[in-house]
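S.K.: Take a look at the following structure, please.
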Amino acid sequence: RGRGLSDEGDGYGLAEYAEDTEALITRLGLDRPLLLGHSMGARIAAAVAVRAEVPLRGTVLADPPMSGPDRGPYPTTREVFLRQLAEARRGTDADEVAVSWPTWPRREQELRARWLSSCAEEAIVATHHGFEHEDFFDWWPKVPGPAHLLYGADSPVVTSDGAREAAESNPAAPLHRIPGAGHMIFWDAPATATATLRTVLTALLSPPAGPHPCDQARGGS
């Protein structure tokens with residue numbers, strides 16, 4: 001909501017984003033989908049899993065912001081986001097985007113230059129406020145399995161302390177550290193991040209091990 005061709009909304013908290021996701025799953029008639037979310041999307045996936053309004057096959061969280069109350073600010077300030085929005089509305093290009101995000105692939109800089117102006121200012125401000133006032137760790141310990149968390153080894157939003165707390169507060173959920181990656185793990189280290197994700201998805205989508213149906217029919221164990 002409030003981005004791209006989506007409608008704007010009357011709120012931009014995790015509950016509202018989760019309701020949008022649940023409504024999409026319901027309207028599409030998806031049967032126990034697996035949710036994969038990056039950054040803000042990872043926080044939303046966690047909220048959807050905990051709310052349990054729709055059945056899920058599992059969740060994969062990629063570099064969720066772990067800022068929040070008493071945890072320090074989100075590493076990019078609201079003012080920086082609003083300045084970039086103003087540039088986009090004035091008319092920007094990939095070169096100007098690269099000044100703020102120099103390590104991004106050119107294709108992604110071009111996409112941001114094209115689409116950033118479509119973002120509602122209220123959505124940006126409210127979401128940034130949520131990053132600093134909605135605690136990810138209110139949700140993460142309650143995320144049911146199967147769940148996996150991927151994070152960049154050099155990510156500013158998942159610090160070493162944050163990764164340690166995530167491992168301790170939901171020990172059933174494996175954490176996967178992506179070397180050479182910051183927050184944008186699939187752009188910074190695409191080969192490693194994609195290989196890790198494929199391994200995770202294979203594990204989540206594989207049928208559980210158990211007796212063969214023919215064995216059960218014969219009364220075998």
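Residue names in the structure tokens use chain letters A, B, ... in the order shown, residue numbers from 1 in each chain, and ligand numbers from 1 in the order shown.
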Write out, as CSV, each residue of stretch 25-102 of chain A that has an atom at most 10 Å from stretch 125-130 of chain A, together with the closest pair of atoms and their distance in Å to one decimal, counting only C-alpha atoms, rows going by chain and rising number.
M.R.:
residue,atom,partner,partner_atom,distance
A:Met40,CA,A:Thr127,CA,8.5
A:Ser67,CA,A:Gly130,CA,9.3
A:Gly68,CA,A:Gly130,CA,7.8
A:Pro69,CA,A:Gly130,CA,9.7
A:Pro73,CA,A:His128,CA,9.7
A:Tyr74,CA,A:His128,CA,7.7
A:Thr76,CA,A:His128,CA,9.0
A:Thr77,CA,A:His128,CA,8.1
A:Arg78,CA,A:His128,CA,6.4
A:Glu79,CA,A:Val125,CA,9.2
A:Phe81,CA,A:Val125,CA,8.5
A:Leu82,CA,A:Val125,CA,8.0
S.K.: Taking only C-alpha atoms into account, which of A:Ala49, A:Leu56, A:Pro179, A:Ile124 comes nearest A:Arg83?
M.R.: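 Of the candidates, the smallest distance to A:Arg83 is held by A:Ile124.
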S.K.: Taking the chain letters and numbering used in this document, name the residues of stretch 64-177 of chain A that DSSP puts in alpha helix (DSSP H), as an MDAnalysis selection string.
M.R.: chainID A and resid 78:90 94:100 106:115 121:133 160:169
S.K.: Would you save the residues from that selection as a short mmCIF file (atom, residue, chain, number, x, y, z; two decimals), in the first residue's frame, using N, CA and C atoms?
M.R.:
data_model
loop_
_atom_site.label_atom_id
_atom_site.label_comp_id
_atom_site.auth_asym_id
_atom_site.auth_seq_id
_atom_site.Cartn_x
_atom_site.Cartn_y
_atom_site.Cartn_z
N ARG A 78 14.91 9.21 8.36
CA ARG A 78 13.70 9.63 7.65
C ARG A 78 14.00 10.77 6.69
N GLU A 79 14.87 11.69 7.12
CA GLU A 79 15.19 12.85 6.29
C GLU A 79 15.86 12.43 4.98
N VAL A 80 16.71 11.42 5.04
CA VAL A 80 17.35 10.93 3.82
C VAL A 80 16.30 10.37 2.86
N PHE A 81 15.36 9.59 3.37
CA PHE A 81 14.31 9.04 2.51
C PHE A 81 13.46 10.15 1.90
N LEU A 82 13.13 11.16 2.69
CA LEU A 82 12.30 12.25 2.18
C LEU A 82 13.06 13.09 1.16
N ARG A 83 14.35 13.26 1.35
CA ARG A 83 15.15 13.98 0.34
C ARG A 83 15.15 13.22 -0.98
N GLN A 84 15.31 11.92 -0.91
CA GLN A 84 15.30 11.11 -2.13
C GLN A 84 13.92 11.14 -2.80
N LEU A 85 12.86 11.15 -2.00
CA LEU A 85 11.51 11.25 -2.56
C LEU A 85 11.34 12.57 -3.29
N ALA A 86 11.84 13.65 -2.68
CA ALA A 86 11.75 14.97 -3.32
C ALA A 86 12.52 14.99 -4.63
N GLU A 87 13.68 14.35 -4.66
CA GLU A 87 14.46 14.27 -5.90
C GLU A 87 13.69 13.51 -6.97
N ALA A 88 13.04 12.42 -6.55
CA ALA A 88 12.28 11.61 -7.51
C ALA A 88 11.11 12.39 -8.08
N ARG A 89 10.42 13.15 -7.25
CA ARG A 89 9.27 13.91 -7.71
C ARG A 89 9.70 15.07 -8.61
N ARG A 90 10.88 15.60 -8.36
CA ARG A 90 11.44 16.64 -9.22
C ARG A 90 11.82 16.08 -10.58
N ALA A 94 19.24 7.42 -12.73
CA ALA A 94 20.04 6.41 -12.04
C ALA A 94 21.34 6.98 -11.49
N ASP A 95 21.90 7.97 -12.17
CA ASP A 95 23.15 8.56 -11.68
C ASP A 95 22.94 9.25 -10.33
N GLU A 96 21.83 9.95 -10.18
CA GLU A 96 21.56 10.61 -8.91
C GLU A 96 21.25 9.58 -7.82
N VAL A 97 20.52 8.54 -8.18
CA VAL A 97 20.25 7.47 -7.21
C VAL A 97 21.56 6.85 -6.75
N ALA A 98 22.51 6.71 -7.66
CA ALA A 98 23.79 6.08 -7.33
C ALA A 98 24.59 6.87 -6.30
N VAL A 99 24.32 8.16 -6.19
CA VAL A 99 25.00 8.95 -5.17
C VAL A 99 24.62 8.45 -3.78
N SER A 100 23.36 8.08 -3.60
CA SER A 100 22.89 7.57 -2.30
C SER A 100 23.14 6.08 -2.15
N ARG A 106 23.15 -1.40 -11.53
CA ARG A 106 22.60 -0.30 -12.34
C ARG A 106 21.11 -0.50 -12.59
N ARG A 107 20.71 -1.73 -12.86
CA ARG A 107 19.29 -1.99 -13.11
C ARG A 107 18.42 -1.55 -11.94
N GLU A 108 18.89 -1.79 -10.73
CA GLU A 108 18.09 -1.43 -9.55
C GLU A 108 18.09 0.08 -9.33
N GLN A 109 19.20 0.75 -9.63
CA GLN A 109 19.23 2.21 -9.56
C GLN A 109 18.23 2.81 -10.56
N GLU A 110 18.15 2.22 -11.75
CA GLU A 110 17.21 2.70 -12.75
C GLU A 110 15.76 2.48 -12.31
N LEU A 111 15.50 1.31 -11.70
CA LEU A 111 14.14 1.03 -11.22
C LEU A 111 13.73 2.00 -10.11
N ARG A 112 14.66 2.28 -9.21
CA ARG A 112 14.33 3.23 -8.12
C ARG A 112 14.06 4.61 -8.69
N ALA A 113 14.87 5.03 -9.67
CA ALA A 113 14.65 6.33 -10.28
C ALA A 113 13.27 6.41 -10.94
N ARG A 114 12.83 5.28 -11.49
CA ARG A 114 11.55 5.27 -12.19
C ARG A 114 10.37 5.25 -11.24
N TRP A 115 10.47 4.49 -10.13
CA TRP A 115 9.30 4.21 -9.31
C TRP A 115 9.22 4.95 -7.99
N GLU A 121 4.21 9.89 0.53
CA GLU A 121 5.06 10.39 1.61
C GLU A 121 4.61 9.85 2.96
N GLU A 122 3.31 9.77 3.16
CA GLU A 122 2.80 9.25 4.43
C GLU A 122 3.25 7.81 4.66
N ALA A 123 3.27 7.02 3.57
CA ALA A 123 3.70 5.63 3.70
C ALA A 123 5.16 5.54 4.11
N ILE A 124 6.00 6.38 3.52
CA ILE A 124 7.42 6.38 3.86
C ILE A 124 7.63 6.81 5.29
N VAL A 125 6.99 7.89 5.70
CA VAL A 125 7.18 8.41 7.05
C VAL A 125 6.66 7.42 8.08
N ALA A 126 5.46 6.88 7.85
CA ALA A 126 4.87 5.97 8.83
C ALA A 126 5.65 4.66 8.92
N THR A 127 6.14 4.17 7.79
CA THR A 127 6.91 2.93 7.82
C THR A 127 8.23 3.13 8.53
N HIS A 128 8.88 4.25 8.27
CA HIS A 128 10.13 4.53 8.98
C HIS A 128 9.87 4.65 10.48
N HIS A 129 8.77 5.27 10.85
CA HIS A 129 8.40 5.36 12.27
C HIS A 129 8.21 3.96 12.84
N GLY A 130 7.59 3.08 12.05
CA GLY A 130 7.41 1.70 12.51
C GLY A 130 8.72 0.98 12.72
N PHE A 131 9.70 1.24 11.86
CA PHE A 131 11.01 0.60 12.04
C PHE A 131 11.62 0.94 13.40
N GLU A 132 11.27 2.09 13.94
CA GLU A 132 11.88 2.52 15.19
C GLU A 132 10.95 2.40 16.39
N HIS A 133 9.67 2.08 16.14
CA HIS A 133 8.72 1.99 17.25
C HIS A 133 7.96 0.67 17.31
N SER A 160 25.52 -7.96 14.53
CA SER A 160 25.91 -9.22 15.18
C SER A 160 25.10 -9.45 16.45
N ASP A 161 24.83 -8.37 17.19
CA ASP A 161 24.00 -8.51 18.39
C ASP A 161 22.58 -8.91 18.01
N GLY A 162 22.05 -8.32 16.94
CA GLY A 162 20.71 -8.67 16.49
C GLY A 162 20.62 -10.11 16.05
N ALA A 163 21.62 -10.58 15.32
CA ALA A 163 21.63 -11.98 14.87
C ALA A 163 21.70 -12.92 16.07
N ARG A 164 22.50 -12.55 17.05
CA ARG A 164 22.62 -13.39 18.25
C ARG A 164 21.28 -13.47 19.00
N GLU A 165 20.61 -12.32 19.13
CA GLU A 165 19.32 -12.33 19.82
C GLU A 165 18.28 -13.11 19.02
N ALA A 166 18.33 -13.00 17.69
CA ALA A 166 17.39 -13.75 16.86
C ALA A 166 17.58 -15.25 17.03
N ALA A 167 18.83 -15.68 17.10
CA ALA A 167 19.12 -17.10 17.27
C ALA A 167 18.66 -17.59 18.63
N GLU A 168 18.85 -16.78 19.65
CA GLU A 168 18.49 -17.18 21.01
C GLU A 168 16.99 -17.13 21.26
N SER A 169 16.30 -16.18 20.64
CA SER A 169 14.88 -15.99 20.94
C SER A 169 13.96 -16.89 20.12
#
S.K.: From the options A:Pro102, A:Gly91, A:Gly13, A:Pro64, which residue's atoms come nearest to A:Phe137, counting only C-alpha atoms?
M.R.: A:Pro64
S.K.: Would you compute the distance between atom CA of A:Ala120 and atom CA of A:Gly11? Give it in Å to one decimal.
M.R.: 11.7 Å
S.K.: Which distance in Å separates atom CA of A:Val50 and atom CA of A:Glu19, to one decimal?
M.R.: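 Going from atom CA of A:Val50 over to atom CA of A:Glu19, I get 12.2 Å.
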S.K.: At a cut-off of 12 Å, using only C-alpha atoms, what residues contact A:Ala195? Leave out same-chain residues fewer than 3 positions from it and give the result as a list in words.
M.R.: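 With the cut-off at 12 Å, the set is Leu150, His176, Ile178, Ile185, Phe186, Ala189, Pro190, Ala191, Thr192, Arg198, Thr199, Val200, Leu201 and Thr202 of chain A.
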S.K.: For A:Ala147, which residue out of A:Val54, A:Leu30, A:Ala46, A:Leu197 is the nearest one, using only C-alpha atoms?
M.R.: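 Closest to A:Ala147, using only C-alpha atoms: A:Ala46.
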S.K.: Distance atom CA of A:Leu34-atom CA of A:Ala172, one decimal place?
M.R.: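 So the two atoms, atom CA of A:Leu34 and atom CA of A:Ala172, lie 17.3 Å apart.
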